[in-house]
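Chemist: File name model06.pdb; file contents PDB, N, CA and C atoms; full text below.
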```pdb
ATOM      1  N   MET A   1       5.209 -16.437 -11.530  1.00  0.00           N
ATOM      2  CA  MET A   1       5.728 -15.372 -10.700  1.00  0.00           C
ATOM      3  C   MET A   1       4.560 -14.496 -10.270  1.00  0.00           C
ATOM      4  N   HIS A   2       4.538 -14.102  -9.015  1.00  0.00           N
ATOM      5  CA  HIS A   2       3.433 -13.305  -8.487  1.00  0.00           C
ATOM      6  C   HIS A   2       3.987 -12.109  -7.739  1.00  0.00           C
ATOM      7  N   SER A   3       3.347 -10.983  -7.931  1.00  0.00           N
ATOM      8  CA  SER A   3       3.690  -9.804  -7.137  1.00  0.00           C
ATOM      9  C   SER A   3       2.418  -9.294  -6.483  1.00  0.00           C
ATOM     10  N   ALA A   4       2.590  -8.551  -5.441  1.00  0.00           N
ATOM     11  CA  ALA A   4       1.434  -8.010  -4.737  1.00  0.00           C
ATOM     12  C   ALA A   4       0.757  -6.952  -5.602  1.00  0.00           C
ATOM     13  N   SER A   5      -0.558  -7.035  -5.680  1.00  0.00           N
ATOM     14  CA  SER A   5      -1.319  -6.047  -6.439  1.00  0.00           C
ATOM     15  C   SER A   5      -1.534  -4.811  -5.572  1.00  0.00           C
ATOM     16  N   LYS A   6      -2.014  -3.772  -6.198  1.00  0.00           N
ATOM     17  CA  LYS A   6      -2.307  -2.541  -5.464  1.00  0.00           C
ATOM     18  C   LYS A   6      -3.306  -2.819  -4.343  1.00  0.00           C
ATOM     19  N   ALA A   7      -4.310  -3.634  -4.626  1.00  0.00           N
ATOM     20  CA  ALA A   7      -5.312  -3.961  -3.611  1.00  0.00           C
ATOM     21  C   ALA A   7      -4.693  -4.746  -2.454  1.00  0.00           C
ATOM     22  N   ASP A   8      -3.783  -5.684  -2.768  1.00  0.00           N
ATOM     23  CA  ASP A   8      -3.096  -6.453  -1.723  1.00  0.00           C
ATOM     24  C   ASP A   8      -2.288  -5.527  -0.815  1.00  0.00           C
ATOM     25  N   ILE A   9      -1.556  -4.616  -1.432  1.00  0.00           N
ATOM     26  CA  ILE A   9      -0.705  -3.704  -0.665  1.00  0.00           C
ATOM     27  C   ILE A   9      -1.559  -2.796   0.209  1.00  0.00           C
ATOM     28  N   LYS A  10      -2.641  -2.284  -0.357  1.00  0.00           N
ATOM     29  CA  LYS A  10      -3.543  -1.416   0.410  1.00  0.00           C
ATOM     30  C   LYS A  10      -4.127  -2.182   1.597  1.00  0.00           C
ATOM     31  N   ARG A  11      -4.520  -3.434   1.365  1.00  0.00           N
ATOM     32  CA  ARG A  11      -5.086  -4.255   2.445  1.00  0.00           C
ATOM     33  C   ARG A  11      -4.071  -4.457   3.569  1.00  0.00           C
ATOM     34  N   ILE A  12      -2.820  -4.683   3.207  1.00  0.00           N
ATOM     35  CA  ILE A  12      -1.762  -4.882   4.200  1.00  0.00           C
ATOM     36  C   ILE A  12      -1.544  -3.610   5.024  1.00  0.00           C
ATOM     37  N   ILE A  13      -1.490  -2.470   4.346  1.00  0.00           N
ATOM     38  CA  ILE A  13      -1.295  -1.198   5.055  1.00  0.00           C
ATOM     39  C   ILE A  13      -2.467  -0.927   5.989  1.00  0.00           C
ATOM     40  N   LEU A  14      -3.690  -1.126   5.501  1.00  0.00           N
ATOM     41  CA  LEU A  14      -4.870  -0.901   6.338  1.00  0.00           C
ATOM     42  C   LEU A  14      -4.905  -1.861   7.523  1.00  0.00           C
ATOM     43  N   TYR A  15      -4.466  -3.093   7.313  1.00  0.00           N
ATOM     44  CA  TYR A  15      -4.401  -4.054   8.416  1.00  0.00           C
ATOM     45  C   TYR A  15      -3.499  -3.516   9.528  1.00  0.00           C
ATOM     46  N   HIS A  16      -2.344  -2.995   9.141  1.00  0.00           N
ATOM     47  CA  HIS A  16      -1.417  -2.486  10.147  1.00  0.00           C
ATOM     48  C   HIS A  16      -1.961  -1.235  10.835  1.00  0.00           C
ATOM     49  N   LEU A  17      -2.658  -0.397  10.108  1.00  0.00           N
ATOM     50  CA  LEU A  17      -3.293   0.768  10.734  1.00  0.00           C
ATOM     51  C   LEU A  17      -4.373   0.331  11.717  1.00  0.00           C
ATOM     52  N   ASP A  18      -5.109  -0.719  11.377  1.00  0.00           N
ATOM     53  CA  ASP A  18      -6.153  -1.228  12.263  1.00  0.00           C
ATOM     54  C   ASP A  18      -5.581  -1.823  13.549  1.00  0.00           C
ATOM     55  N   GLN A  19      -4.310  -2.176  13.540  1.00  0.00           N
ATOM     56  CA  GLN A  19      -3.668  -2.721  14.738  1.00  0.00           C
ATOM     57  C   GLN A  19      -3.426  -1.640  15.790  1.00  0.00           C
ATOM     58  N   LYS A  20      -3.586  -0.382  15.395  1.00  0.00           N
ATOM     59  CA  LYS A  20      -3.411   0.752  16.311  1.00  0.00           C
ATOM     60  C   LYS A  20      -4.699   1.575  16.355  1.00  0.00           C
ATOM     61  N   PRO A  21      -5.781   1.022  16.901  1.00  0.00           N
ATOM     62  CA  PRO A  21      -7.064   1.735  16.878  1.00  0.00           C
ATOM     63  C   PRO A  21      -7.045   3.049  17.648  1.00  0.00           C
ATOM     64  N   ASP A  22      -6.154   3.174  18.625  1.00  0.00           N
ATOM     65  CA  ASP A  22      -6.077   4.419  19.397  1.00  0.00           C
ATOM     66  C   ASP A  22      -5.703   5.610  18.523  1.00  0.00           C
ATOM     67  N   LEU A  23      -4.915   5.363  17.477  1.00  0.00           N
ATOM     68  CA  LEU A  23      -4.545   6.457  16.590  1.00  0.00           C
ATOM     69  C   LEU A  23      -5.785   7.104  15.984  1.00  0.00           C
ATOM     70  N   LYS A  24      -6.692   6.282  15.524  1.00  0.00           N
ATOM     71  CA  LYS A  24      -7.927   6.781  14.912  1.00  0.00           C
ATOM     72  C   LYS A  24      -8.781   7.517  15.945  1.00  0.00           C
ATOM     73  N   TYR A  25      -8.780   7.028  17.172  1.00  0.00           N
ATOM     74  CA  TYR A  25      -9.593   7.628  18.230  1.00  0.00           C
ATOM     75  C   TYR A  25      -9.039   8.996  18.636  1.00  0.00           C
ATOM     76  N   TYR A  26      -7.744   9.072  18.860  1.00  0.00           N
ATOM     77  CA  TYR A  26      -7.151  10.317  19.350  1.00  0.00           C
ATOM     78  C   TYR A  26      -6.951  11.355  18.259  1.00  0.00           C
ATOM     79  N   ILE A  27      -6.787  10.913  17.043  1.00  0.00           N
ATOM     80  CA  ILE A  27      -6.642  11.853  15.936  1.00  0.00           C
ATOM     81  C   ILE A  27      -7.939  11.820  15.145  1.00  0.00           C
ATOM     82  N   ASN A  28      -8.951  12.425  15.701  1.00  0.00           N
ATOM     83  CA  ASN A  28     -10.277  12.419  15.100  1.00  0.00           C
ATOM     84  C   ASN A  28     -10.437  13.669  14.248  1.00  0.00           C
ATOM     85  N   ASN A  29      -9.899  13.596  13.034  1.00  0.00           N
ATOM     86  CA  ASN A  29      -9.921  14.740  12.142  1.00  0.00           C
ATOM     87  C   ASN A  29     -10.149  14.230  10.721  1.00  0.00           C
ATOM     88  N   PRO A  30     -11.208  14.682  10.059  1.00  0.00           N
ATOM     89  CA  PRO A  30     -11.496  14.171   8.714  1.00  0.00           C
ATOM     90  C   PRO A  30     -10.392  14.493   7.703  1.00  0.00           C
ATOM     91  N   TYR A  31      -9.674  15.586   7.902  1.00  0.00           N
ATOM     92  CA  TYR A  31      -8.585  15.920   6.978  1.00  0.00           C
ATOM     93  C   TYR A  31      -7.427  14.932   7.118  1.00  0.00           C
ATOM     94  N   ILE A  32      -7.162  14.503   8.340  1.00  0.00           N
ATOM     95  CA  ILE A  32      -6.118  13.499   8.566  1.00  0.00           C
ATOM     96  C   ILE A  32      -6.543  12.171   7.945  1.00  0.00           C
ATOM     97  N   ASP A  33      -7.815  11.812   8.116  1.00  0.00           N
ATOM     98  CA  ASP A  33      -8.333  10.580   7.504  1.00  0.00           C
ATOM     99  C   ASP A  33      -8.153  10.617   5.987  1.00  0.00           C
ATOM    100  N   GLU A  34      -8.476  11.744   5.382  1.00  0.00           N
ATOM    101  CA  GLU A  34      -8.332  11.872   3.932  1.00  0.00           C
ATOM    102  C   GLU A  34      -6.865  11.824   3.524  1.00  0.00           C
ATOM    103  N   LEU A  35      -6.007  12.469   4.296  1.00  0.00           N
ATOM    104  CA  LEU A  35      -4.568  12.441   4.017  1.00  0.00           C
ATOM    105  C   LEU A  35      -4.045  11.009   4.070  1.00  0.00           C
ATOM    106  N   ILE A  36      -4.456  10.261   5.069  1.00  0.00           N
ATOM    107  CA  ILE A  36      -4.019   8.870   5.202  1.00  0.00           C
ATOM    108  C   ILE A  36      -4.485   8.049   3.997  1.00  0.00           C
ATOM    109  N   GLU A  37      -5.726   8.249   3.573  1.00  0.00           N
ATOM    110  CA  GLU A  37      -6.241   7.525   2.405  1.00  0.00           C
ATOM    111  C   GLU A  37      -5.437   7.847   1.150  1.00  0.00           C
ATOM    112  N   VAL A  38      -5.116   9.132   0.957  1.00  0.00           N
ATOM    113  CA  VAL A  38      -4.340   9.532  -0.218  1.00  0.00           C
ATOM    114  C   VAL A  38      -2.941   8.920  -0.160  1.00  0.00           C
ATOM    115  N   LEU A  39      -2.327   8.930   1.019  1.00  0.00           N
ATOM    116  CA  LEU A  39      -1.000   8.330   1.174  1.00  0.00           C
ATOM    117  C   LEU A  39      -1.037   6.832   0.895  1.00  0.00           C
ATOM    118  N   ILE A  40      -2.045   6.149   1.406  1.00  0.00           N
ATOM    119  CA  ILE A  40      -2.166   4.708   1.173  1.00  0.00           C
ATOM    120  C   ILE A  40      -2.320   4.427  -0.318  1.00  0.00           C
ATOM    121  N   GLU A  41      -3.167   5.187  -0.988  1.00  0.00           N
ATOM    122  CA  GLU A  41      -3.351   5.010  -2.432  1.00  0.00           C
ATOM    123  C   GLU A  41      -2.043   5.222  -3.181  1.00  0.00           C
ATOM    124  N   GLY A  42      -1.338   6.313  -2.834  1.00  0.00           N
ATOM    125  CA  GLY A  42      -0.088   6.621  -3.522  1.00  0.00           C
ATOM    126  C   GLY A  42       0.991   5.586  -3.284  1.00  0.00           C
ATOM    127  N   VAL A  43       1.156   5.183  -2.041  1.00  0.00           N
ATOM    128  CA  VAL A  43       2.192   4.201  -1.702  1.00  0.00           C
ATOM    129  C   VAL A  43       1.873   2.845  -2.333  1.00  0.00           C
ATOM    130  N   SER A  44       0.626   2.417  -2.237  1.00  0.00           N
ATOM    131  CA  SER A  44       0.277   1.110  -2.812  1.00  0.00           C
ATOM    132  C   SER A  44       0.410   1.129  -4.330  1.00  0.00           C
ATOM    133  N   ASP A  45       0.070   2.237  -4.961  1.00  0.00           N
ATOM    134  CA  ASP A  45       0.234   2.354  -6.410  1.00  0.00           C
ATOM    135  C   ASP A  45       1.706   2.315  -6.800  1.00  0.00           C
ATOM    136  N   ALA A  46       2.532   3.059  -6.058  1.00  0.00           N
ATOM    137  CA  ALA A  46       3.970   3.087  -6.366  1.00  0.00           C
ATOM    138  C   ALA A  46       4.601   1.706  -6.193  1.00  0.00           C
ATOM    139  N   ILE A  47       4.249   1.003  -5.134  1.00  0.00           N
ATOM    140  CA  ILE A  47       4.810  -0.335  -4.898  1.00  0.00           C
ATOM    141  C   ILE A  47       4.332  -1.311  -5.969  1.00  0.00           C
ATOM    142  N   ALA A  48       3.060  -1.253  -6.309  1.00  0.00           N
ATOM    143  CA  ALA A  48       2.526  -2.157  -7.332  1.00  0.00           C
ATOM    144  C   ALA A  48       3.201  -1.901  -8.681  1.00  0.00           C
ATOM    145  N   ARG A  49       3.426  -0.638  -9.026  1.00  0.00           N
ATOM    146  CA  ARG A  49       4.109  -0.321 -10.284  1.00  0.00           C
ATOM    147  C   ARG A  49       5.556  -0.814 -10.255  1.00  0.00           C
ATOM    148  N   SER A  50       6.200  -0.640  -9.120  1.00  0.00           N
ATOM    149  CA  SER A  50       7.574  -1.099  -8.986  1.00  0.00           C
ATOM    150  C   SER A  50       7.651  -2.618  -9.132  1.00  0.00           C
ATOM    151  N   ASN A  51       6.737  -3.310  -8.473  1.00  0.00           N
ATOM    152  CA  ASN A  51       6.689  -4.769  -8.588  1.00  0.00           C
ATOM    153  C   ASN A  51       6.494  -5.198 -10.032  1.00  0.00           C
ATOM    154  N   GLN A  52       5.584  -4.530 -10.727  1.00  0.00           N
ATOM    155  CA  GLN A  52       5.312  -4.878 -12.122  1.00  0.00           C
ATOM    156  C   GLN A  52       6.532  -4.606 -12.990  1.00  0.00           C
ATOM    157  N   SER A  53       7.236  -3.528 -12.700  1.00  0.00           N
ATOM    158  CA  SER A  53       8.441  -3.199 -13.456  1.00  0.00           C
ATOM    159  C   SER A  53       9.503  -4.280 -13.290  1.00  0.00           C
ATOM    160  N   VAL A  54       9.665  -4.769 -12.067  1.00  0.00           N
ATOM    161  CA  VAL A  54      10.640  -5.830 -11.804  1.00  0.00           C
ATOM    162  C   VAL A  54      10.240  -7.101 -12.555  1.00  0.00           C
ATOM    163  N   ILE A  55       8.972  -7.447 -12.509  1.00  0.00           N
ATOM    164  CA  ILE A  55       8.501  -8.640 -13.216  1.00  0.00           C
ATOM    165  C   ILE A  55       8.721  -8.489 -14.713  1.00  0.00           C
ATOM    166  N   ASP A  56       8.402  -7.307 -15.240  1.00  0.00           N
ATOM    167  CA  ASP A  56       8.608  -7.070 -16.674  1.00  0.00           C
ATOM    168  C   ASP A  56      10.079  -7.230 -17.052  1.00  0.00           C
ATOM    169  N   GLU A  57      10.970  -6.697 -16.229  1.00  0.00           N
ATOM    170  CA  GLU A  57      12.404  -6.813 -16.508  1.00  0.00           C
ATOM    171  C   GLU A  57      12.856  -8.271 -16.437  1.00  0.00           C
ATOM    172  N   LEU A  58      12.369  -8.998 -15.462  1.00  0.00           N
ATOM    173  CA  LEU A  58      12.756 -10.407 -15.313  1.00  0.00           C
ATOM    174  C   LEU A  58      12.261 -11.250 -16.485  1.00  0.00           C
ATOM    175  N   THR A  59      11.077 -10.956 -16.961  1.00  0.00           N
ATOM    176  CA  THR A  59      10.546 -11.756 -18.065  1.00  0.00           C
ATOM    177  C   THR A  59      11.211 -11.408 -19.395  1.00  0.00           C
ATOM    178  N   ARG A  60      11.773 -10.212 -19.502  1.00  0.00           N
ATOM    179  CA  ARG A  60      12.481  -9.818 -20.733  1.00  0.00           C
ATOM    180  C   ARG A  60      13.933 -10.218 -20.707  1.00  0.00           C
ATOM    181  N   ALA A  61      14.465 -10.544 -19.547  1.00  0.00           N
ATOM    182  CA  ALA A  61      15.882 -10.906 -19.414  1.00  0.00           C
ATOM    183  C   ALA A  61      16.155 -12.194 -20.192  1.00  0.00           C
ATOM    184  N   PRO A  62      17.301 -12.247 -20.858  1.00  0.00           N
ATOM    185  CA  PRO A  62      17.647 -13.479 -21.595  1.00  0.00           C
ATOM    186  C   PRO A  62      17.834 -14.645 -20.627  1.00  0.00           C
ATOM    187  N   ARG A  63      17.332 -15.771 -21.030  1.00  0.00           N
ATOM    188  CA  ARG A  63      17.481 -16.997 -20.197  1.00  0.00           C
ATOM    189  C   ARG A  63      18.853 -17.581 -20.408  1.00  0.00           C
ATOM    190  N   ARG A  64      19.440 -18.095 -19.360  1.00  0.00           N
ATOM    191  CA  ARG A  64      20.783 -18.701 -19.467  1.00  0.00           C
ATOM    192  C   ARG A  64      20.684 -20.195 -19.541  1.00  0.00           C
TER     193      ARG A  64
END
```
Show the structure stored in the file as structure tokens.

Modeler:
Amino acid sequence: MHSASKADIKRIILYHLDQKPDLKYYINNPYIDELIEVLIEGVSDAIARSNQSVIDELTRAPRR
């Protein structure tokens, strides 16, 4: 069983942000850049933890 790691999730989010290069050009503000980085870290961490929790529950579930 495989779940996406924090790095995988972050890479996916950054890929989608890179698909809209105009956003970076028109919103040229270092505080916004930092906010986006913090959001990406938080979201990818939360998803990775959730994935791990699901895997842990599935592996502890009694087999039928």

Chemist: To one decimal in Å, tell me the separation between CA of Gln52 in chain A and CA of Ser5 in chain A.

Modeler: 8.8 Å

Chemist: Quick check, in Å to one decimal: how far apart do CA of Val54 in chain A and atom N of Lys6 in chain A lie?

Modeler: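 Atom N of Lys6 in chain A lies at a distance of 14.0 Å from CA of Val54 in chain A.
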
Chemist: What's the separation between atom N of Asp22 in chain A and atom N of Ala4 in chain A, in Å to one decimal place?

Modeler: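 Atom-to-atom, atom N of Asp22 in chain A to atom N of Ala4 in chain A, that is 28.2 Å.
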
Chemist: If we count all atoms listed in the file, what is near Lys10 in chain A at a cut-off of 8 Å, once residues fewer than 2 positions away on the same chain are taken out, given as a list in words?

Modeler: Ala4, Ser5, Lys6, Ala7, Asp8, Ile12, Ile13, Leu14, Tyr15, His16, Ile40, Glu41, Val43, Ser44 and Asp45 of chain A
